[in-house]
Amino acid sequence: MKKITALLLTVVMVWTLSACSVSVGDQPTQEPAPAGESGAAGEETAGKIHIGLVTGTIAQSEDELRGAEAFIEEYGTVEEGGIVRHVTYPDNFTQEQETTIAQIVGLADDPDLKVIVVNQSVPGTVAAFQRVREMRPDILLLAGEPQEDTNMIEEAADLVVNADNINRGYLIIAAAKKLGAKTFVHISFPRHMSIDLLSRRRNIMEEACKDLGITYASETAPDPTSDVGIPGAQQFILEQMPAWVDKYGKDTAFFCTNDAQTEPLLKRVAELGAIFIEPDLPSPIMGYPGAFGIDLTAEAGDWAAILKKVEEVVVAEGGSGRMGTWAYSYNFTSTEALAEFGKRVAEGTASIDSFDDLMECYSKYTPGAEWNGSYYIDAAGVEKTNHVMLYQDTYVFGTGYLGMTDEEVPAKYLEIK
């Protein structure tokens with residue numbers, strides 16, 4: 001009898017639990033909402049296409065970081081219900097490559113991440129992209145301004161974008177001639193000269209100087225990622241410029257390959273009456289605000305207002321007709337444009353191999369600016385359709401645009417190695 005009673009109780013309990021599993025208070029339970037459809041807090045981003053942005057810090061190059069902030073302002077961070085995940089690599093990236101790699105690869109842990117943009121693509125980017133590709137072949141990998149072997153980054157990335165340092169090798173010298181330069185001084189260091197595009201540009205500059213009747217000279221400065229750091233590298237420029245101007249004369253156009261050294265170079269060019277065509281990665285906020293103490297807080301993000309304010313100060317400091325840049329920041333724009341392009345490709349509204357689709361994204365962020373560009377052709381004459389080279393017209397303070405996007409670059413310069 002006890003066994004029968006126990007058996008009946010067990011049956012009753014099983015039936016009760018089964019009933020509870022399908023109804024609570026006579027209301028059917030809800031099935032889990034499909035990803036991206038739940039409005040519950042903390043679930044707003046589920047199912048969205050997330051974009052990973054990797055940039056340097058303000059210390060090394062401010063423009064690409066500010067571009068990331070502008071893109072975040074447009075689309076929001078993942079943590080706030082948006083689509084952007086932003087990380088930075090160390091200032092001393094040459095000695096902390098593993099940290100750089102870890103920062104990039106870590107983005108792939110997000111299952112909704114579909115695009116990674118690295119700008120600038122410092123050493124470690126190739127290795128990071130290779131690891132991401134092994135883990136997540138679905139992620140689109142975009143590299144802005146690579147600082148590693150050209151062939152390696154082309155193989156690792158879906159798209160590589162550079163300032164057109166091949167055509168610019170000629171165009172910067174042609175612009176210097178327009179501004180009355182008699183000498184051109186190229187300032188760099190071994191690490192940068194080991195980068196194929198930068199060394200080719202230097203060689204093109206030297207050849208263009210010969211052809212256009214300008215004396216070419218080269219000077220070596222400390223690498224900001226070496227033991228002297230950014231302060232030491234900047235101090236070197238400040239101390240050397242008076243001697244260089246004495247040596248080469250005031251009608252000398254100075255050019256340096258490092259962003260951190262641009263500020264002290266601009267400061268001395270204005271003080272000493274020399275010439276400066278445009279920064280290595282041109283922008284009205286590349287070096288100019290720091291060199292001249294310009295507060296652009298109120299103008300932040302308004303490039304027309306930024307250009308106007310910088311121009312007023314530069315002209316007042318004696319740089320009219322002798323100092324220039326691009327109207328829109330190349331690196332700021334590239335961060336935004338590459339992220340927007342990656343987003344559109346992931347959404348299916350753009351094609352990864354469409355030059356026109358890419359240029360639409362650049363045009364979105366630079367209304368009114370003239371661009372020119374092409375696919376990269378290596379020294380062997382091979383066109384690389386996943387490597388795009390771009391340049392914007394040069395703007396000279398106190399004079400205006402020089403029309404460099406309309407200049408025809410002689411074919412011979414494309415063959416210089």
# chains A, B, ... in the order shown; residues from 1 in each chain; ligands from 1
call {"tool": "select_by_dssp", "arguments": {"residues": "range 116-333 of chain A", "states": "helix (DSSP H, G or I)", "output": "ChimeraX atom specification"}}
result
/A:125-135,150-156,167-178,190-193,196-212,229-248,262-272,288-292,303-316,330-333
call {"tool": "atom_distance", "arguments": {"atom1": "CA of Ile101 in chain A", "atom2": "CA of Val228 in chain A"}}
result
24.1 Å
call {"tool": "closest_atom_pairs", "arguments": {"of": "range 337-395 of chain A", "to": "range 184-200 of chain A", "cutoff": "12 Å", "atoms": "only C-alpha atoms", "output": "JSON lines"}}
result
{"residue": "A:Tyr376", "atom": "CA", "partner": "A:Leu197", "partner_atom": "CA", "distance": 10.1}
{"residue": "A:Ile377", "atom": "CA", "partner": "A:Leu197", "partner_atom": "CA", "distance": 10.9}
{"residue": "A:Asp378", "atom": "CA", "partner": "A:Leu197", "partner_atom": "CA", "distance": 9.3}
{"residue": "A:Ala379", "atom": "CA", "partner": "A:Arg200", "partner_atom": "CA", "distance": 9.0}
{"residue": "A:Met389", "atom": "CA", "partner": "A:Leu197", "partner_atom": "CA", "distance": 10.6}
call {"tool": "atom_distance", "arguments": {"atom1": "CA of Phe71 in chain A", "atom2": "CA of Leu358 in chain A"}}
result
16.2 Å
call {"tool": "residues_around", "arguments": {"residues": "Ile83 in chain A", "least_positions_apart": "2", "cutoff": "12 Å", "atoms": "only C-alpha atoms", "output": "PyMOL selection string"}}
result
chain A and resi 44-53+71-81+85-86+110+112-116+339-340+343
call {"tool": "select_by_dssp", "arguments": {"residues": "range 145-256 of chain A", "states": "strand (DSSP E or B)", "output": "PDB file with C-alpha atoms, in the first residue's frame"}}
result
ATOM      1  CA  GLU A 145      48.827  53.770 -44.039  1.00  0.00           C
ATOM      2  CA  PRO A 146      50.733  50.477 -43.535  1.00  0.00           C
ATOM      3  CA  LEU A 159      42.036  46.423 -48.714  1.00  0.00           C
ATOM      4  CA  VAL A 160      45.054  48.666 -48.218  1.00  0.00           C
ATOM      5  CA  VAL A 161      44.842  52.463 -48.580  1.00  0.00           C
ATOM      6  CA  ASN A 162      47.815  54.815 -48.727  1.00  0.00           C
ATOM      7  CA  ALA A 163      48.365  58.466 -49.329  1.00  0.00           C
ATOM      8  CA  THR A 183      66.276  73.570 -52.352  1.00  0.00           C
ATOM      9  CA  PHE A 184      64.282  70.663 -50.950  1.00  0.00           C
ATOM     10  CA  VAL A 185      65.323  68.932 -47.697  1.00  0.00           C
ATOM     11  CA  HIS A 186      63.998  65.460 -46.866  1.00  0.00           C
ATOM     12  CA  ILE A 187      64.157  64.606 -43.125  1.00  0.00           C
ATOM     13  CA  SER A 188      63.690  60.995 -41.957  1.00  0.00           C
ATOM     14  CA  THR A 215      68.712  71.131 -55.219  1.00  0.00           C
ATOM     15  CA  TYR A 216      67.913  67.957 -53.240  1.00  0.00           C
ATOM     16  CA  ALA A 217      69.303  67.326 -49.739  1.00  0.00           C
ATOM     17  CA  SER A 218      68.700  64.670 -47.075  1.00  0.00           C
ATOM     18  CA  GLU A 219      68.956  64.948 -43.298  1.00  0.00           C
ATOM     19  CA  THR A 220      68.591  62.260 -40.607  1.00  0.00           C
ATOM     20  CA  THR A 252      64.196  75.810 -48.911  1.00  0.00           C
ATOM     21  CA  ALA A 253      61.182  73.521 -48.622  1.00  0.00           C
ATOM     22  CA  PHE A 254      61.507  71.214 -45.615  1.00  0.00           C
ATOM     23  CA  PHE A 255      59.692  67.877 -45.423  1.00  0.00           C
ATOM     24  CA  CYS A 256      59.727  65.258 -42.653  1.00  0.00           C
TER      25      CYS A 256
END
call {"tool": "residues_around", "arguments": {"residues": "Ile237 in chain A", "least_positions_apart": "4", "cutoff": "10 Å", "atoms": "only C-alpha atoms", "output": "PyMOL selection string"}}
result
chain A and resi 187+221-222+232-233+241-242+244+256+261-268
call {"tool": "atom_distance", "arguments": {"atom1": "CA of Lys412 in chain A", "atom2": "CA of Ala143 in chain A"}}
result
28.0 Å
call {"tool": "closest_residue", "arguments": {"among": "A:Ala327, A:Ala316, A:Ala300, A:Leu65", "to": "Pro279 in chain A", "atoms": "only C-alpha atoms"}}
result
A:Ala327
call {"tool": "closest_atom_pairs", "arguments": {"of": "range 123-146 of chain A", "to": "range 102-108 of chain A", "cutoff": "9 Å", "atoms": "only C-alpha atoms", "output": "CSV"}}
result
residue,atom,partner,partner_atom,distance
A:Thr125,CA,A:Ile104,CA,7.7
A:Ala128,CA,A:Val105,CA,5.8
A:Phe129,CA,A:Val105,CA,7.5
A:Arg131,CA,A:Val105,CA,6.9
A:Val132,CA,A:Val105,CA,5.8
A:Met135,CA,A:Ala108,CA,7.8
A:Arg136,CA,A:Ala108,CA,6.9
A:Ile139,CA,A:Ala108,CA,7.9
call {"tool": "write_last_selection", "arguments": {"atoms": "N, CA and C atoms", "output": "CSV table (one decimal), in the first residue's frame"}}
result
chain,number,residue,atom,x,y,z
A,125,THR,N,50.6,44.8,-37.4
A,125,THR,CA,49.3,44.7,-38.1
A,125,THR,C,49.2,43.4,-38.9
A,128,ALA,N,48.8,40.4,-36.8
A,128,ALA,CA,47.4,40.4,-36.1
A,128,ALA,C,46.4,40.0,-37.2
A,129,PHE,N,46.5,40.5,-38.4
A,129,PHE,CA,45.5,40.2,-39.4
A,129,PHE,C,45.6,38.7,-39.7
A,131,ARG,N,46.3,36.3,-37.7
A,131,ARG,CA,45.7,35.6,-36.6
A,131,ARG,C,44.2,35.7,-36.7
A,132,VAL,N,43.7,36.9,-37.0
A,132,VAL,CA,42.3,37.1,-37.1
A,132,VAL,C,41.7,36.3,-38.2
A,135,MET,N,41.2,32.8,-37.1
A,135,MET,CA,40.1,32.7,-36.1
A,135,MET,C,38.7,33.0,-36.8
A,136,ARG,N,38.7,34.1,-37.5
A,136,ARG,CA,37.4,34.6,-38.0
A,136,ARG,C,37.5,35.0,-39.5
A,139,ILE,N,35.6,38.2,-41.0
A,139,ILE,CA,35.9,39.6,-40.7
A,139,ILE,C,36.7,40.3,-41.8
call {"tool": "residues_around", "arguments": {"residues": "Val54 in chain A", "least_positions_apart": "2", "cutoff": "6 Å", "atoms": "only C-alpha atoms", "output": "list of chain:residue names"}}
result
A:His86, A:Val87, A:Thr88, A:Val118
call {"tool": "write_last_selection", "arguments": {"atoms": "C-alpha atoms", "output": "JSON list (two decimals), in the first residue's frame"}}
result
[["chain", "number", "residue", "atom", "x", "y", "z"],
["A", 86, "HIS", "CA", 37.68, 51.40, -30.56],
["A", 87, "VAL", "CA", 41.10, 50.48, -29.16],
["A", 88, "THR", "CA", 44.54, 52.11, -29.41],
["A", 118, "VAL", "CA", 43.65, 49.78, -38.48]]
call {"tool": "closest_residue", "arguments": {"among": "A:Gly213, A:Gly301, A:Gly180, A:Pro289", "to": "Thr366 in chain A", "atoms": "only C-alpha atoms"}}
result
A:Gly301
call {"tool": "closest_residue", "arguments": {"among": "A:Ile230, A:Ala350, A:Leu171, A:Leu390", "to": "Met205 in chain A", "atoms": "only C-alpha atoms"}}
result
A:Leu171
call {"tool": "closest_residue", "arguments": {"among": "A:Ser283, A:Ser334, A:Asn151, A:Thr100", "to": "Tyr395 in chain A", "atoms": "only C-alpha atoms"}}
result
A:Ser283
